[in-house]
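entry.txt follows; it contains compact mmCIF, C-alpha atoms.
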# COMPACT_ATOMS: atom_id res chain seq x y z
CA MET P 262 93.31 115.32 118.65
CA SER P 263 94.96 111.93 118.53
CA ILE P 264 95.33 110.46 115.07
CA PRO P 265 94.16 106.89 114.36
CA ASP P 266 96.66 104.29 113.11
CA LYS P 267 97.88 104.34 109.51
CA ALA P 268 95.44 101.82 108.06
CA THR P 269 92.44 103.52 109.69
CA SER P 270 93.56 107.00 108.65
CA LEU P 271 94.09 105.99 105.03
CA ALA P 272 90.69 104.28 105.02
CA LEU P 273 89.05 107.50 106.29
CA LEU P 274 90.81 109.54 103.61
CA ARG P 275 89.91 107.10 100.84
CA GLU P 276 86.25 107.02 101.85
CA MET P 277 86.04 110.84 101.74
CA MET P 278 87.67 110.78 98.29
CA VAL P 279 85.18 108.15 97.12
CA ILE P 280 82.28 110.36 98.22
CA ARG P 281 83.68 113.48 96.52
CA ASP P 282 84.41 111.70 93.23
CA PHE P 283 81.07 109.87 93.29
CA GLU P 284 79.14 113.10 93.85
CA GLU P 285 80.94 115.17 91.23
CA THR P 286 80.55 112.36 88.71
CA ALA P 287 76.87 111.79 89.50
CA ASP P 288 76.25 115.57 89.32
CA LYS P 289 77.49 115.68 85.72
CA LEU P 290 75.48 112.55 84.81
CA SER P 291 72.36 114.06 86.36
CA LEU P 292 72.72 117.17 84.19
CA ARG P 293 72.88 114.82 81.19
CA GLY P 294 69.57 113.27 82.19
CA LYS P 295 71.04 109.94 83.36
CA VAL P 296 69.74 110.18 86.94
CA SER P 297 65.99 109.74 87.28
CA GLY P 298 64.27 112.37 89.40
CA GLY P 299 67.28 114.52 90.09
CA MET P 300 69.67 114.34 93.05
CA HIS P 301 71.26 116.26 95.92
CA ASN P 302 75.05 116.56 95.86
CA SER P 303 76.84 116.26 99.23
CA SER P 304 80.29 117.49 98.13
CA GLY P 305 81.86 119.35 101.06
CA GLN P 306 80.06 117.28 103.69
CA GLU P 307 82.29 114.19 103.53
CA ALA P 308 83.77 114.54 107.03
CA VAL P 309 80.34 114.35 108.68
CA ALA P 310 79.43 111.09 106.96
CA VAL P 311 82.82 109.42 107.31
CA GLY P 312 83.44 110.72 110.84
CA VAL P 313 80.09 109.38 112.08
CA LEU P 314 79.99 106.05 110.25
CA SER P 315 83.61 105.17 111.03
CA ALA P 316 82.76 105.44 114.75
CA LEU P 317 79.87 102.99 114.47
CA ASP P 318 79.66 99.21 114.37
CA LYS P 319 78.40 97.68 111.11
CA PHE P 320 75.25 96.48 112.91
CA ASP P 321 74.33 99.95 114.15
CA VAL P 322 71.35 101.55 112.43
CA ILE P 323 71.19 104.83 110.49
CA ALA P 324 68.34 106.80 108.97
CA SER P 325 69.22 109.50 106.48
CA THR P 326 67.76 112.47 104.63
CA HIS P 327 67.07 113.54 101.05
CA ARG P 328 70.86 114.08 100.75
CA SER P 329 72.05 110.56 101.52
CA HIS P 330 74.75 109.41 99.11
CA HIS P 331 77.59 110.26 101.50
CA HIS P 332 75.94 108.55 104.48
CA THR P 333 75.23 105.47 102.37
CA LEU P 334 78.74 105.21 100.93
CA ALA P 335 80.27 105.68 104.38
CA LYS P 336 77.93 102.99 105.77
CA GLY P 337 79.74 100.54 103.51
CA PHE P 338 77.49 100.34 100.47
CA THR P 339 79.42 100.20 97.20
CA PRO P 340 79.58 102.95 94.56
CA ARG P 341 78.30 100.32 92.06
CA GLU P 342 75.03 99.59 93.85
CA ILE P 343 74.39 103.26 94.64
CA MET P 344 75.16 104.50 91.11
CA ALA P 345 72.93 101.74 89.72
CA GLU P 346 70.12 102.96 91.98
CA LEU P 347 70.60 106.52 90.71
CA PHE P 348 70.21 105.10 87.20
CA THR P 349 67.08 103.19 88.47
CA ARG P 350 68.50 99.82 87.42
CA ALA P 351 67.64 96.38 88.83
CA THR P 352 71.12 96.10 90.36
CA GLY P 353 70.62 99.21 92.52
CA ILE P 354 70.26 99.08 96.32
CA SER P 355 66.50 99.48 96.10
CA GLY P 356 66.14 97.43 92.93
CA GLY P 357 65.88 100.58 90.87
CA ARG P 358 62.65 101.69 92.55
CA GLY P 359 63.94 104.50 94.73
CA ALA P 360 66.64 106.48 92.89
CA SER P 361 68.74 109.06 94.71
CA MET P 362 66.43 109.82 97.63
CA HIS P 363 65.53 106.25 98.62
CA LEU P 364 68.82 104.50 99.21
CA GLY P 365 68.58 101.97 102.00
CA ASP P 366 68.55 98.36 103.11
CA VAL P 367 66.98 97.50 106.46
CA GLU P 368 68.89 94.23 106.73
CA ARG P 369 72.16 96.11 106.48
CA GLY P 370 71.14 98.66 109.10
CA HIS P 371 70.26 101.49 106.71
CA PHE P 372 66.67 102.61 107.27
CA GLY P 373 66.77 104.77 104.18
CA GLY P 374 66.92 108.22 102.81
CA ASN P 375 63.57 109.94 102.42
CA GLY P 376 62.05 113.09 101.01
CA ILE P 377 60.49 114.44 104.22
CA VAL P 378 62.36 117.17 106.07
CA GLY P 379 63.42 115.95 109.53
CA ALA P 380 61.94 112.44 109.12
CA GLY P 381 65.27 110.65 109.64
CA VAL P 382 65.33 111.45 113.36
CA GLY P 383 61.87 109.98 113.91
CA ILE P 384 62.72 106.82 111.99
CA ALA P 385 65.99 106.44 113.91
CA MET P 386 64.19 107.06 117.22
CA GLY P 387 61.80 104.20 116.41
CA ALA P 388 64.74 101.95 115.59
CA ALA P 389 66.39 102.98 118.89
CA LEU P 390 63.22 102.02 120.77
CA GLY P 391 63.31 98.61 119.06
CA ILE P 392 66.97 98.16 119.99
CA GLN P 393 66.22 99.02 123.63
CA GLN P 394 63.21 96.70 123.85
CA LYS P 395 65.18 93.79 122.46
CA GLY P 396 68.17 94.55 124.65
CA ASP P 397 70.55 94.68 121.67
CA LYS P 398 73.99 96.17 122.10
CA LYS P 399 73.85 98.70 119.32
CA VAL P 400 72.82 102.28 118.60
CA SER P 401 70.71 104.17 116.10
CA VAL P 402 71.81 107.35 114.32
CA GLY P 403 69.37 109.86 112.85
CA PHE P 404 70.73 112.35 110.33
CA VAL P 405 68.91 115.66 109.91
CA GLY P 406 69.76 118.88 108.11
CA ASP P 407 69.69 122.41 109.50
CA GLY P 408 66.32 122.81 107.74
CA GLY P 409 64.94 119.97 109.86
CA MET P 410 65.96 121.79 113.05
CA ASN P 411 62.92 124.06 112.77
CA THR P 412 60.50 121.22 112.14
CA GLY P 413 58.23 119.94 114.91
CA ARG P 414 58.58 116.20 114.30
CA THR P 415 62.31 116.32 114.92
CA TRP P 416 61.88 117.58 118.48
CA GLU P 417 58.97 115.25 119.26
CA ALA P 418 61.27 112.33 118.44
CA ILE P 419 64.16 113.83 120.41
CA ASN P 420 61.93 114.34 123.45
CA MET P 421 60.85 110.70 123.42
CA ALA P 422 64.44 109.54 123.09
CA VAL P 423 65.35 111.60 126.18
CA ILE P 424 62.50 110.46 128.43
CA TRP P 425 63.03 106.79 127.47
CA LYS P 426 66.85 107.03 127.50
CA LEU P 427 67.04 105.54 124.00
CA PRO P 428 70.37 104.66 122.31
CA LEU P 429 69.92 107.44 119.74
CA ILE P 430 72.51 109.80 118.27
CA VAL P 431 71.15 112.81 116.41
CA ILE P 432 73.57 114.18 113.83
CA VAL P 433 72.79 117.57 112.35
CA ASP P 434 74.53 117.48 108.95
CA ASN P 435 74.44 121.26 109.11
CA ASN P 436 75.39 122.61 105.67
CA GLN P 437 73.94 125.99 106.69
CA TYR P 438 71.35 126.35 103.94
CA ALA P 439 67.82 124.95 103.96
CA VAL P 440 67.49 124.98 100.18
CA GLU P 441 68.11 128.76 99.86
CA THR P 442 67.60 129.90 103.45
CA PHE P 443 70.64 130.60 105.64
CA VAL P 444 70.37 128.83 109.01
CA GLY P 445 71.29 132.01 110.91
CA ARG P 446 68.20 133.80 109.59
CA VAL P 447 65.69 131.25 110.79
CA THR P 448 67.06 129.75 114.01
CA GLY P 449 65.61 131.20 117.20
CA GLY P 450 68.27 131.45 119.89
CA GLY P 451 70.92 130.76 117.29
CA ASP P 452 72.62 127.91 119.16
CA LEU P 453 71.33 124.45 118.22
CA ALA P 454 73.21 122.57 120.96
CA LYS P 455 71.67 124.85 123.60
CA ARG P 456 68.25 124.18 122.13
CA ALA P 457 68.87 120.43 122.41
CA GLU P 458 70.21 120.79 125.96
CA GLY P 459 66.84 122.26 126.86
CA PHE P 460 65.40 118.81 126.18
CA GLY P 461 67.74 117.32 128.77
CA MET P 462 70.41 115.69 126.66
CA LYS P 463 74.13 115.95 126.02
CA ALA P 464 74.58 118.30 123.07
CA PHE P 465 77.58 119.63 121.16
CA ASN P 466 78.35 122.08 118.37
CA ILE P 467 81.37 120.69 116.52
CA ASP P 468 83.51 121.23 113.42
CA GLY P 469 81.87 119.13 110.72
CA MET P 470 84.79 119.74 108.34
CA ASP P 471 87.14 117.78 110.64
CA VAL P 472 86.69 114.04 110.22
CA LEU P 473 88.57 113.21 113.43
CA GLU P 474 86.48 115.57 115.55
CA VAL P 475 83.24 114.12 114.17
CA ARG P 476 84.55 110.59 114.76
CA LYS P 477 85.56 111.38 118.36
CA TYR P 478 82.23 112.94 119.38
CA THR P 479 80.26 110.13 117.71
CA SER P 480 82.36 107.48 119.40
CA GLU P 481 81.77 109.06 122.82
CA ALA P 482 78.04 109.38 122.11
CA ARG P 483 77.92 105.72 121.14
CA ALA P 484 79.64 104.68 124.38
CA ARG P 485 77.10 106.68 126.43
CA ALA P 486 74.19 105.18 124.50
CA LEU P 487 75.47 101.62 125.05
CA ALA P 488 75.92 102.40 128.76
CA GLY P 489 72.22 103.28 128.99
CA GLU P 490 72.81 107.01 129.35
CA GLY P 491 70.45 107.95 126.51
CA PRO P 492 70.69 110.11 123.41
CA THR P 493 73.29 112.64 122.28
CA PHE P 494 72.83 115.59 119.94
CA ILE P 495 75.73 116.57 117.66
CA ASN P 496 75.50 119.67 115.47
CA ALA P 497 78.27 119.27 112.89
CA LEU P 498 78.89 122.53 111.06
CA THR P 499 79.72 121.86 107.43
CA TYR P 500 79.15 123.35 103.96
CA ARG P 501 77.80 122.12 100.67
CA TYR P 502 79.78 123.19 97.62
CA TYR P 503 76.99 122.77 95.05
CA GLY P 504 73.35 123.80 94.91
CA HIS P 505 70.58 122.24 96.99
CA ASN P 506 69.70 120.08 93.99
CA VAL P 507 71.68 119.45 90.84
CA GLY P 508 71.26 122.20 88.30
CA GLU P 509 70.11 124.80 90.83
CA LYS P 510 70.90 128.35 89.74
CA GLY P 511 71.57 129.68 93.24
CA GLN P 512 71.77 133.40 93.91
CA TYR P 513 71.42 133.28 97.69
CA ARG P 514 75.14 133.15 98.49
CA THR P 515 78.27 134.56 96.91
CA LEU P 516 80.85 132.67 94.87
CA GLU P 517 83.43 134.15 97.25
CA GLU P 518 81.76 132.46 100.22
CA ILE P 519 81.86 129.06 98.48
CA GLU P 520 85.46 129.59 97.44
CA GLN P 521 86.43 130.57 100.98
CA TRP P 522 85.08 127.28 102.42
CA ARG P 523 86.59 125.19 99.63
CA THR P 524 90.06 126.65 99.89
CA THR P 525 90.43 127.02 103.66
CA LYS P 526 88.23 124.36 105.27
CA ASP P 527 87.95 121.49 102.79
CA PRO P 528 87.69 118.23 104.82
CA ILE P 529 89.73 116.18 102.34
CA ASP P 530 92.54 118.73 101.92
CA ARG P 531 92.74 119.14 105.69
CA PHE P 532 92.94 115.43 106.32
CA ILE P 533 95.51 114.90 103.57
CA LYS P 534 97.71 117.31 105.52
CA VAL P 535 97.17 115.26 108.70
CA VAL P 536 98.11 112.06 106.86
CA LEU P 537 101.21 113.63 105.29
CA ASP P 538 102.34 115.19 108.58
CA ALA P 539 101.93 111.86 110.38
CA GLY P 540 104.16 110.21 107.78
CA TYR P 541 101.39 107.77 106.84
CA ALA P 542 101.75 108.50 103.13
CA SER P 543 103.79 110.53 100.65
CA GLN P 544 102.20 112.98 98.23
CA ALA P 545 102.74 110.39 95.48
CA GLU P 546 100.85 107.79 97.51
CA VAL P 547 97.99 110.23 98.09
CA ASP P 548 97.85 110.80 94.32
CA GLU P 549 97.77 107.02 93.76
CA LEU P 550 94.92 106.74 96.24
CA ARG P 551 92.98 109.38 94.32
CA ALA P 552 93.63 107.56 91.03
CA SER P 553 92.36 104.27 92.48
CA VAL P 554 89.20 106.08 93.62
CA ARG P 555 88.74 107.55 90.12
CA ALA P 556 88.95 104.05 88.63
CA GLU P 557 86.44 102.70 91.14
CA ILE P 558 83.88 105.41 90.32
CA GLU P 559 84.36 104.97 86.57
CA ASP P 560 83.73 101.26 87.07
CA ALA P 561 80.56 102.10 89.03
CA VAL P 562 79.24 104.24 86.17
CA ALA P 563 79.98 101.51 83.61
CA PHE P 564 78.28 98.94 85.87
CA ALA P 565 75.19 101.14 86.29
CA ASP P 566 74.98 101.99 82.61
CA SER P 567 75.18 98.34 81.53
CA SER P 568 72.74 97.04 84.18
CA PRO P 569 69.19 96.06 83.17
CA GLU P 570 66.05 98.01 84.04
CA PRO P 571 63.84 96.31 86.68
CA ASP P 572 61.57 93.71 85.10
CA VAL P 573 57.93 94.80 84.89
CA SER P 574 56.83 91.44 86.38
CA THR P 575 58.48 92.48 89.70
CA ILE P 576 56.39 95.62 90.05
CA TYR P 577 54.44 94.37 93.10
CA ASP P 578 57.49 92.97 94.87
CA ASP P 579 58.23 94.68 98.22
CA VAL P 580 54.85 96.45 98.26
CA ASP P 581 53.57 94.47 101.25
CA SER P 582 54.89 92.48 104.25
CA GLY P 583 58.43 92.27 102.92
CA MET P 584 59.84 94.01 106.00
CA LEU P 585 57.96 91.92 108.56
CA GLY P 586 60.45 89.08 108.54
CA VAL P 587 63.41 91.38 109.04
CA GLN P 588 65.06 91.28 112.45
CA LEU P 589 66.44 94.56 113.74
CA MET O 276 87.15 119.81 74.51
CA GLU O 277 84.15 121.08 76.41
CA GLU O 278 80.64 120.05 75.39
CA ILE O 279 77.95 122.72 75.70
CA PHE O 280 74.76 120.76 76.43
CA VAL O 281 71.16 121.22 77.49
CA PRO O 282 71.12 120.42 81.24
CA ALA O 283 68.39 118.11 82.54
CA LEU O 284 67.09 120.27 85.38
CA GLY O 285 63.54 119.23 86.16
CA MET O 286 61.86 115.96 87.05
CA ALA O 287 60.46 115.82 83.52
CA MET O 288 61.79 118.64 81.40
CA ASP O 289 60.36 118.42 77.91
CA ASN O 290 60.24 120.79 74.98
CA VAL O 291 63.51 122.65 75.27
CA VAL O 292 63.81 125.08 72.37
CA LEU O 293 67.00 126.71 71.17
CA LEU O 294 66.28 130.47 71.18
CA GLU O 295 69.55 132.05 70.15
CA TRP O 296 73.18 131.41 69.25
CA LEU O 297 75.54 134.08 70.63
CA LYS O 298 78.67 132.47 69.17
CA GLN O 299 79.27 131.24 65.66
CA PRO O 300 81.44 128.30 64.50
CA GLY O 301 85.08 129.42 64.52
CA ASP O 302 84.48 132.25 67.01
CA GLN O 303 86.97 132.72 69.84
CA VAL O 304 85.28 131.85 73.16
CA ASN O 305 86.39 132.98 76.60
CA ALA O 306 85.54 131.15 79.83
CA GLY O 307 82.25 132.53 81.10
CA ASP O 308 80.96 133.64 77.70
CA ILE O 309 77.33 132.91 76.91
CA ILE O 310 77.20 130.50 73.98
CA ALA O 311 73.48 129.96 73.51
CA VAL O 312 70.09 130.70 75.08
CA ILE O 313 67.48 127.97 75.51
CA GLU O 314 63.88 128.05 76.66
CA THR O 315 62.40 125.29 78.85
CA ASP O 316 58.78 124.89 79.93
CA LYS O 317 59.58 127.07 82.97
CA THR O 318 62.32 129.52 82.13
CA THR O 319 64.99 130.70 79.74
CA LEU O 320 68.58 129.67 80.42
CA GLU O 321 71.88 131.08 79.24
CA LEU O 322 74.44 128.34 78.58
CA THR O 323 77.99 129.45 79.26
CA SER O 324 81.38 127.98 78.50
CA GLU O 325 83.63 127.02 81.41
CA THR O 326 86.73 127.01 79.23
CA SER O 327 88.30 129.19 76.54
CA GLY O 328 88.83 128.08 72.97
CA VAL O 329 87.22 128.07 69.55
CA LEU O 330 83.59 127.20 68.93
CA GLY O 331 82.84 124.08 66.87
CA LYS O 332 79.85 123.38 64.63
CA HIS O 333 76.28 124.23 65.62
CA LYS O 334 74.51 120.87 65.99
CA TYR O 335 71.06 122.49 66.19
CA ALA O 336 69.46 125.55 64.59
CA VAL O 337 67.48 128.33 66.27
CA GLU O 338 63.90 127.23 67.03
CA ASP O 339 64.89 123.53 67.00
CA GLU O 340 63.61 121.36 69.87
CA VAL O 341 66.54 119.79 71.71
CA PRO O 342 66.27 116.77 74.06
CA ALA O 343 67.57 117.42 77.60
CA GLY O 344 71.13 116.14 77.92
CA ASP O 345 71.97 116.63 74.23
CA THR O 346 75.07 118.49 73.13
CA LEU O 347 74.59 121.78 71.23
CA CYS O 348 78.22 122.34 70.27
CA VAL O 349 81.77 121.96 71.55
CA VAL O 350 84.47 124.43 72.58
CA LEU O 351 87.82 123.30 71.20
CA ALA O 352 91.04 123.80 73.11
CA PRO O 353 94.15 124.82 71.11
CA GLY O 354 95.21 121.98 68.83
CA GLU O 355 91.92 120.09 69.11
CA VAL O 356 89.91 119.15 66.04
CA GLU O 357 86.20 118.39 65.99
CA ALA O 358 85.28 114.77 65.21
Go through the file and emit its structure as structure tokens.
Amino acid sequence: MSIPDKATSLALLREMMVIRDFEETADKLSLRGKVSGGMHNSSGQEAVAVGVLSALDKFDVIASTHRSHHHTLAKGFTPREIMAELFTRATGISGGRGASMHLGDVERGHFGGNGIVGAGVGIAMGAALGIQQKGDKKVSVGFVGDGGMNTGRTWEAINMAVIWKLPLIVIVDNNQYAVETFVGRVTGGGDLAKRAEGFGMKAFNIDGMDVLEVRKYTSEARARALAGEGPTFINALTYRYYGHNVGEKGQYRTLEEIEQWRTTKDPIDRFIKVVLDAGYASQAEVDELRASVRAEIEDAVAFADSSPEPDVSTIYDDVDSGMLGVQL
Amino acid sequence: MEEIFVPALGMAMDNVVLLEWLKQPGDQVNAGDIIAVIETDKTTLELTSETSGVLGKHKYAVEDEVPAGDTLCVVLAPGEVEA
């Protein structure tokens, strides 16, 4: 796999570090009762988010899932505005109304996280239809988890994207557990790419712990979509290090299994090795990068904690017609 | 210094009660030891220490109600003194 230039590679590494630090910090704050409504930690899944989003244009559209912090950070939203949303403060992305599961901003091409399994693909398919009808030169990406792979709405949306040749990329952020259920126990046929191929689309099973592989497949899918060749399905195999939701007392997998993924397949450790081997940075420079990320996340927490609550007088804002004036 | 605290686990977890202390102030604590047991509206939870050290003061007594997120006690590393 060819390695991007130095500036790009270091940006990919830094973004993955930002996600990891943000998630581990927010996890602790959630346990302390600082995050309204709980949250889902994406630690371990950084390469999927950064690999996909780094291959897109800033005007491309995404729709996410209940686990959306990593997608949102990689889309270019700041730790400050996301942390503030987790704290339900007025300075948050959604004005403090949505918390962890409703991060999004239509004007910036993020059609939101949501709490409905598999909904992201349907939302992204609708956005892709809009893009096609307007003749825009951009694509739409729908994230879905392995749990959403056995949900009817996902495949209805995929089927429409195929028959209409929509510029849609479906990314399975496959962390292998639908809450507590192992994907291998509940997936008929076992091979998700083959299932998608049955719908008549290009489909791939890839290593979701390798940021460069995710980036390459997404980039190729985007080029096909822009050329009018229709949707692509990418099943990125990854692993979440923490429970489904913060505070979960999981007994459905072994500590050894988690440790095995963390120590041998970690997307950040693997990419640090790539960066070191390419001579793009020394170990000391990697450590400095990590320290700068730590400072940025600490700043985000301080910003969120000192931000005001939404004013009660704004309670009806955004309830109606607010989205009608927005151009895709 | 590690803080042993009541984790906020539910959407609205009220009425957490401290059921039992398994370690006393000054006791040696090993990583993984159960320090206290709490009862929420849904379940009982054992709170364990991630680090080894010496237990600090009990900030709550058995049968006290404790707000989610509050610290019950600290585990002091060698050389550390409780504030």
With 4 Å added on each side, what axis-aligned box encloses every listed atom of segment 300-307 of chain O? Give the centre and edge lengths in Å to one decimal, as AutoDock Vina command-line options.
--center_x 84.2 --center_y 130.6 --center_z 72.8 --size_x 13.5 --size_y 12.7 --size_z 24.6
Using only C-alpha atoms, the residue out of P:Glu285, P:Asp318, P:Glu557, P:Glu509 with shortest distance to chain O is P:Glu509
Show me, as a PyMOL selection string, every residue of chain O with an atom at most 6 Å from chain P, counting only C-alpha atoms. chain O and resi 282-284+286+344
Residues at most 10 Å from Thr318 of chain O, counting only C-alpha atoms, excluding those fewer than 4 positions away in the same chain, as a ChimeraX atom specification? /O:291,313-314
Just want the 12 Å neighbourhood of Ala335 of chain P, counted on all atoms listed in the file, with same-chain residues fewer than 2 positions away dropped. Output as a ChimeraX atom specification. /P:272-281,283,306-319,323,325,329-333,337-340,343,371
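Rounded to one decimal, atom CA of Gln544 of chain P and atom CA of Ala268 of chain P lie 16.3 Å from each other.
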Choose the residue, out of O:Leu330, O:Ala343, O:Ile310, O:Val350, that has the smallest atom-to-atom separation from Val281 of chain O; count all atoms listed in the file. O:Ala343
Anything within 6 Å of (74.0, 96.9, 112.1): list those residues as a PyMOL selection string, counting only C-alpha atoms and sticking to the file's coordinates. chain P and resi 319-322+369-370
Have a look at atom CA of Ala439 of chain P and atom CA of Leu427 of chain P and let me know their distance in Å, one decimal.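 A separation of 27.9 Å between them.
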Would you pick out the contacts of Thr412 of chain P at 10 Å or less, using all atoms listed in the file, so that residues sharing its chain but fewer than 5 positions from it are not included, and give the list as a PyMOL selection string? chain P and resi 378-380+407+417
Find the residues near Ile309 of chain O: any atom within 6 Å, counting only C-alpha atoms, skip ones fewer than 2 places away on the same chain, and give them as a list in words.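 Here the qualifying residues turn out to be Ala311, Leu322 and Thr323 of chain O.
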Keeping only C-alpha atoms, write the selected residues as a compact mmCIF listing (two decimals), in the coordinates of the input.
# COMPACT_ATOMS: atom_id res chain seq x y z
CA ALA O 311 73.48 129.96 73.51
CA LEU O 322 74.44 128.34 78.58
CA THR O 323 77.99 129.45 79.26
Which one of P:Leu347, P:Ala388, P:Ala324, P:Ala542 sits closest to Gly365 of chain P if you count all atoms listed in the file? P:Ala324
Rank nothing, just name the residue among P:Tyr500, P:Arg446, P:Lys534, P:Asp288 nearest to Glu518 of chain P, using only C-alpha atoms. P:Tyr500
What are the nearest atom pairs, with distances in Å to one decimal, for all residues of segment 324-430 of chain P that come at most 8 Å from segment 480-493 of chain P, using all atoms listed in the file, set out by chain and rising residue number as CSV?
residue,atom,partner,partner_atom,distance
P:Lys398,CA,P:Leu487,CA,6.4
P:Lys399,CA,P:Leu487,CA,6.6
P:Val400,CA,P:Arg483,CA,6.7
P:Ala422,CA,P:Pro492,CA,6.3
P:Val423,CA,P:Pro492,CA,6.2
P:Trp425,CA,P:Gly491,CA,7.6
P:Lys426,CA,P:Gly491,CA,3.8
P:Leu427,CA,P:Gly491,CA,4.9
P:Pro428,CA,P:Ala486,CA,4.4
P:Leu429,CA,P:Pro492,CA,4.6
P:Ile430,CA,P:Thr493,CA,5.0
Expressed in Å, the length from atom CA of Arg476 of chain P to atom CA of Gly353 of chain P is 28.6 Å
Contacts of Lys334 of chain O at 10 Å or less, counting all atoms listed in the file, minus same-chain residues fewer than 4 places along, as a list in words?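 Returned residues: Val341, Asp345, Thr346, Leu347, Cys348 and Val349 of chain O.
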